[in-house]
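Each remark here refers to the structure printed beneath this line.
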Amino acid sequence: MSIVLTGGAGFIGSNLLDHLLATTTKQLLVIDNLSTGSADQVPNNDRIQLIKTDIKHANQISPHIESADFVYHLAAAVGVQHVTDNPLEALETNLIGTENVLKATAEHDVPLFLASSSEIYGKNESVPFSETDNRVLGPTTVSRWGYASAKAVDEALALAYHDEMDLQVIIGRYFNIVGPGQSGQYGMVIPRFVDQALNEDPITVYGDGTQTRSFTHVEEAVKITHDLTQREDAYGEVFNIGSPQPTSINTLAERVIELTDSNSEITRIPHEEAFGPDFEEPQKREPDVAKLESTVGWKPSTDIDSILSDVIEERRKLSTRN
C-alpha cells in the first residue's frame with residue numbers, strides 16, 4: 001500500500017515527500033507531468049516511485065490510486081505569471097485533472113487531501129479571511145479570476161463527493177507558501193527578490209508595493225497538512241493554511257535588501273506593464289487560522305525574516321556552485 005502525491009515533483013509536493021519520508025514507513029508514489037515540477041526535486045529513495053503522467057488522463061492515474069492508502073492532490077497550475085500566460089492549461093488542469101482524481105478516490109474509497117488556494121477569496125479586502133467568508137471576483141475576461149473560479153469549483157466538487165459518495169476529503173487553502181527550493185520562474189516574489197538583491201540588480205516591485213501577503217514557510221505548511229490528515233474531525237472541512245502575519249511587498253523588498261546587505265534599489269513597475277492591461281491584483285491576503293489551530297493545536301508562526309534568511313542562505317549556496 002502507498003501514499004500518492006499528485007504534483008509531488010513540485011515545490012510543496014517535494015517538501016511534503018521529505019516530511020512523509022521522515023514520519024511514515026509507507027511507499028510514496030509521485031504522479032507528475034513535470035511541466036513545472038522537476039524530477040531533480042524528488043528525493044532519491046527506494047520508497048519513492050515517480051510516474052511521469054498527466055492527471056488529465058484518467059485511465060493513467062486511476063490504477064495507481066486504486067491501491068493507495070491516501071492521496072495528496074497537489075497538482076495544479078502554479079504562479080500568477082504562469083496562470084496569466086497559460087489560462088487554458090490552468091483551467092484544464094484544475095478542472096479536468098481534479099475531477100479525475102476525485103472520481104478515482106471516491107470509486108476506490110481512498111481518503112484525499114485537496115490543495116486549494118487563497119485565490120479563492122479574490123478581491124475581498126475584509127481581512128483576515130475566514131473559511132466561510134464571501135468571495136469577491138472580477139470579470140471572466142481576466143484570467144486570474146478564471147483560475148480562482150476553477151479552484152472554487154474544485155472545492156465544490158470535493159464537498160459534493162463527500163456529501164453524496166462519502167469521500168473522505170480535507171480541503172486546504174494555501175496562502176503564499178514559500179521557502180528554500182522555490183523557483184522564481186513563475187512569478188514567485190521571494191526567490192525573485194532575493195536573486196535580484198544578490199546580483200545587485202534593481203528589485204522590481206509590481207504596483208505601488210502596498211499590497212500585503214501572508215508568507216508561510218513550506219516546512220510548516222507540509223507539517224500542518226500532514227497533521228490535518230491525522231484528524232478524523234478534519235474530514236469534510238475546509239481550512240486556511242497560512243501565516244497570520246501579513247507583510248507588504250514594499251516591506252518585503254526592504255527586508256531582502258537589508259538581510260542580503262545589497263546595494264540594490266527598488267523600482268516599481270505598473271501591474272499592467274508587467275502582466276498586461278487586464279491584470280488585477282488583490283490588495284490584501286491574510287488568513288483567519290482559528291479553525292486550523294483549534295483542529296491541529298498549532299498554527300504557522302515563522303516570521304518573514306526567518307523565511308528570508310533560509311531562502312537567502314540557499315540561493316547563496318546555489319550561486320557559489322555555479
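Ligands are numbered from 1 in the order shown, chains are lettered A, B, ... in the order of the C-alpha cells, and residues start at 1 in each chain.
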- Query: Hey, what does DSSP flag as helix (DSSP H, G or I) within region 160-223 of chain A? Can you give it to me as a VMD selection string?
  - Reply: chain A and resid 160 to 165 189 to 198 218 to 223
How about saving the chosen residues, C-alpha atoms kept, as an mmCIF file, in the first residue's frame?
```cif
data_model
loop_
_atom_site.group_PDB
_atom_site.id
_atom_site.type_symbol
_atom_site.label_atom_id
_atom_site.label_comp_id
_atom_site.auth_asym_id
_atom_site.auth_seq_id
_atom_site.Cartn_x
_atom_site.Cartn_y
_atom_site.Cartn_z
ATOM 1 C CA ALA A 160 -20.211 17.170 -3.248
ATOM 2 C CA TYR A 161 -18.302 13.875 -3.444
ATOM 3 C CA HIS A 162 -18.044 13.968 0.341
ATOM 4 C CA ASP A 163 -21.775 14.575 0.793
ATOM 5 C CA GLU A 164 -23.089 12.202 -1.873
ATOM 6 C CA MET A 165 -20.430 9.464 -2.074
ATOM 7 C CA VAL A 189 8.118 37.041 -5.433
ATOM 8 C CA ILE A 190 10.581 35.957 -2.715
ATOM 9 C CA PRO A 191 13.075 33.992 -4.853
ATOM 10 C CA ARG A 192 12.853 36.731 -7.486
ATOM 11 C CA PHE A 193 13.625 39.493 -4.981
ATOM 12 C CA VAL A 194 16.453 37.506 -3.364
ATOM 13 C CA ASP A 195 18.119 36.731 -6.701
ATOM 14 C CA GLN A 196 17.879 40.372 -7.752
ATOM 15 C CA ALA A 197 19.407 41.523 -4.469
ATOM 16 C CA LEU A 198 22.250 39.000 -4.568
ATOM 17 C CA VAL A 218 6.877 25.486 3.403
ATOM 18 C CA GLU A 219 8.138 23.306 6.272
ATOM 19 C CA GLU A 220 5.239 24.466 8.445
ATOM 20 C CA ALA A 221 2.778 24.144 5.558
ATOM 21 C CA VAL A 222 3.591 20.493 4.850
ATOM 22 C CA LYS A 223 3.689 19.544 8.535
#
```
Give me the region 107-191 of chain A side of the contact with region 2-12 of chain A, cut-off 10 Å, one line per residue showing its nearest atom pair and distance in Å at one decimal, counting only C-alpha atoms, sorted by chain and residue number, as JSON lines.
```
{"residue": "A:Val110", "atom": "CA", "partner": "A:Ile3", "partner_atom": "CA", "distance": 10.0}
{"residue": "A:Leu112", "atom": "CA", "partner": "A:Val4", "partner_atom": "CA", "distance": 9.5}
{"residue": "A:Phe113", "atom": "CA", "partner": "A:Leu5", "partner_atom": "CA", "distance": 9.6}
{"residue": "A:Ile177", "atom": "CA", "partner": "A:Ile12", "partner_atom": "CA", "distance": 7.7}
{"residue": "A:Val178", "atom": "CA", "partner": "A:Ile12", "partner_atom": "CA", "distance": 8.6}
{"residue": "A:Gly179", "atom": "CA", "partner": "A:Phe11", "partner_atom": "CA", "distance": 9.0}
{"residue": "A:Pro180", "atom": "CA", "partner": "A:Phe11", "partner_atom": "CA", "distance": 9.0}
{"residue": "A:Gly181", "atom": "CA", "partner": "A:Phe11", "partner_atom": "CA", "distance": 6.7}
{"residue": "A:Gln182", "atom": "CA", "partner": "A:Phe11", "partner_atom": "CA", "distance": 5.8}
{"residue": "A:Ser183", "atom": "CA", "partner": "A:Phe11", "partner_atom": "CA", "distance": 8.0}
```
Keeping N, CA and C atoms for every residue in the selection just given, could you write it to a file as a CSV table (one decimal), in the first residue's frame?
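Writing the result to again-v4.csv gives the following:
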```csv
chain,number,residue,atom,x,y,z
A,110,VAL,N,-10.7,6.0,-1.2
A,110,VAL,CA,-9.3,6.4,-0.8
A,110,VAL,C,-9.4,7.8,-0.2
A,112,LEU,N,-8.6,11.7,0.8
A,112,LEU,CA,-7.9,12.7,0.0
A,112,LEU,C,-7.7,14.0,0.7
A,113,PHE,N,-6.5,14.6,0.5
A,113,PHE,CA,-6.3,16.0,0.8
A,113,PHE,C,-6.2,16.7,-0.5
A,177,ILE,N,2.8,29.9,0.0
A,177,ILE,CA,3.8,29.0,0.6
A,177,ILE,C,5.2,29.3,0.0
A,178,VAL,N,6.2,29.5,0.8
A,178,VAL,CA,7.5,29.9,0.3
A,178,VAL,C,8.6,29.2,1.1
A,179,GLY,N,9.8,29.3,0.6
A,179,GLY,CA,10.9,28.8,1.4
A,179,GLY,C,12.0,28.3,0.4
A,180,PRO,N,13.1,27.7,0.9
A,180,PRO,CA,14.2,27.2,0.1
A,180,PRO,C,13.7,26.2,-1.0
A,181,GLY,N,14.3,26.3,-2.2
A,181,GLY,CA,13.9,25.4,-3.2
A,181,GLY,C,12.8,25.9,-4.2
A,182,GLN,N,12.2,27.0,-3.8
A,182,GLN,CA,11.2,27.6,-4.7
A,182,GLN,C,11.8,28.4,-5.8
A,183,SER,N,11.2,28.2,-7.0
A,183,SER,CA,11.7,28.9,-8.2
A,183,SER,C,11.0,30.2,-8.4
```
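Here the strand (DSSP E) residues in region 110-215 of chain A, by DSSP on the backbone, are Leu112, Phe113, Leu114, Ala115, Ser116, Ser117, Val169, Ile170, Ile171, Gly172, Arg173, Tyr174, Ile177, Val178, Ile203, Thr204, Val205, Tyr206, Thr212 and Arg213 of chain A.
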- Query: Can you tell me, as a count of residues only, what residues are no more than 12 Å from Ser319 (chain A) when counting only C-alpha atoms, ignoring any on the same chain fewer than 2 positions away?
  - Reply: 12
- In terms of only C-alpha atoms, the residue from A:Thr204, A:Thr225, A:Thr216, A:Asn263 at minimal distance from Leu17 (chain A) is A:Thr225
- Query: So which residues touch region 43-53 of chain A within 9 Å, counting only C-alpha atoms, skipping near sequence neighbours fewer than 6 positions away, as a PyMOL selection string?
  - Reply: chain A and resi 8-9+14+17-18+21+25-34+60-61
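Among the candidate residues A:Lys56, A:Leu102, A:Ser243, A:Met188, the one lying nearest to Asp303 (chain A) is A:Ser243, with distances computed using only C-alpha atoms.
If you measure from each of A:Glu273, A:Ser262, A:Ser118, A:Gly97 to Ser130 (chain A) using only C-alpha atoms, the closest one turns out to be A:Ser118.
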- Message: Applying 12 Å and only C-alpha atoms, which residues near Asp208 (chain A) remain after dropping the ones on its own chain fewer than 4 positions away? List them as a list in words.
- Response: Thr204, Thr212, Ser248, Ile249, Asn250, Thr251, Ala253, Ile266, Thr267, Arg268, Ile269, Pro270, His271, Glu281 and Gln283 of chain A
For the residues in that selection, give me N, CA and C atoms as a short mmCIF file (atom, residue, chain, number, x, y, z; two decimals), in the first residue's frame.
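Final output, saved to again36.cif:
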```cif
data_model
loop_
_atom_site.label_atom_id
_atom_site.label_comp_id
_atom_site.auth_asym_id
_atom_site.auth_seq_id
_atom_site.Cartn_x
_atom_site.Cartn_y
_atom_site.Cartn_z
N THR A 204 12.42 44.66 -8.50
CA THR A 204 11.23 45.15 -9.21
C THR A 204 9.97 44.81 -8.43
N THR A 212 -0.49 43.55 0.57
CA THR A 212 0.04 42.68 1.62
C THR A 212 -0.24 41.21 1.32
N SER A 248 3.75 43.70 3.72
CA SER A 248 3.59 44.43 2.46
C SER A 248 4.75 44.10 1.53
N ILE A 249 4.52 44.23 0.24
CA ILE A 249 5.57 43.94 -0.74
C ILE A 249 6.70 44.95 -0.62
N ASN A 250 6.38 46.19 -0.27
CA ASN A 250 7.44 47.18 -0.02
C ASN A 250 8.33 46.75 1.13
N THR A 251 7.71 46.31 2.23
CA THR A 251 8.49 45.85 3.39
C THR A 251 9.31 44.63 3.02
N ALA A 253 10.60 43.84 0.12
CA ALA A 253 11.76 44.29 -0.67
C ALA A 253 12.83 44.92 0.23
N ILE A 266 15.08 49.81 -5.21
CA ILE A 266 13.73 49.32 -5.50
C ILE A 266 13.14 50.13 -6.64
N THR A 267 12.68 49.45 -7.67
CA THR A 267 11.97 50.09 -8.76
C THR A 267 10.55 49.55 -8.81
N ARG A 268 9.62 50.37 -9.27
CA ARG A 268 8.23 49.96 -9.31
C ARG A 268 7.72 49.97 -10.75
N ILE A 269 7.05 48.88 -11.10
CA ILE A 269 6.52 48.71 -12.45
C ILE A 269 5.01 48.53 -12.34
N PRO A 270 4.22 49.29 -13.09
CA PRO A 270 2.77 49.11 -13.02
C PRO A 270 2.37 47.68 -13.39
N HIS A 271 1.34 47.18 -12.73
CA HIS A 271 0.89 45.81 -13.00
C HIS A 271 0.56 45.59 -14.47
N GLU A 281 -4.79 42.92 -9.32
CA GLU A 281 -4.02 42.44 -8.17
C GLU A 281 -4.80 42.69 -6.88
N GLN A 283 -5.52 43.48 -3.09
CA GLN A 283 -4.75 44.32 -2.19
C GLN A 283 -4.32 43.58 -0.92
#
```
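What separates CA of Tyr235 (chain A) from CA of Arg144 (chain A) is a distance of 28.7 Å.
Note that the spacing between CA of Phe175 (chain A) and CA of Ala148 (chain A) amounts to 13.2 Å.
Residues in contact with Glu237 (chain A) at up to 9 Å, not including ones fewer than 5 positions away on its chain and judged by only C-alpha atoms, are Leu159, Val169, Ile170, Ile171 and Gly172 of chain A.
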- Task: With a distance cut-off of 10 Å and only C-alpha atoms, select the neighbouring residues of Thr247 (chain A), excluding the residue or stretch itself and same-chain residues fewer than 2 positions from it, and output the selection as a PyMOL selection string.
- Result: chain A and resi 210-215+244-245+249-252+284-286+303-304
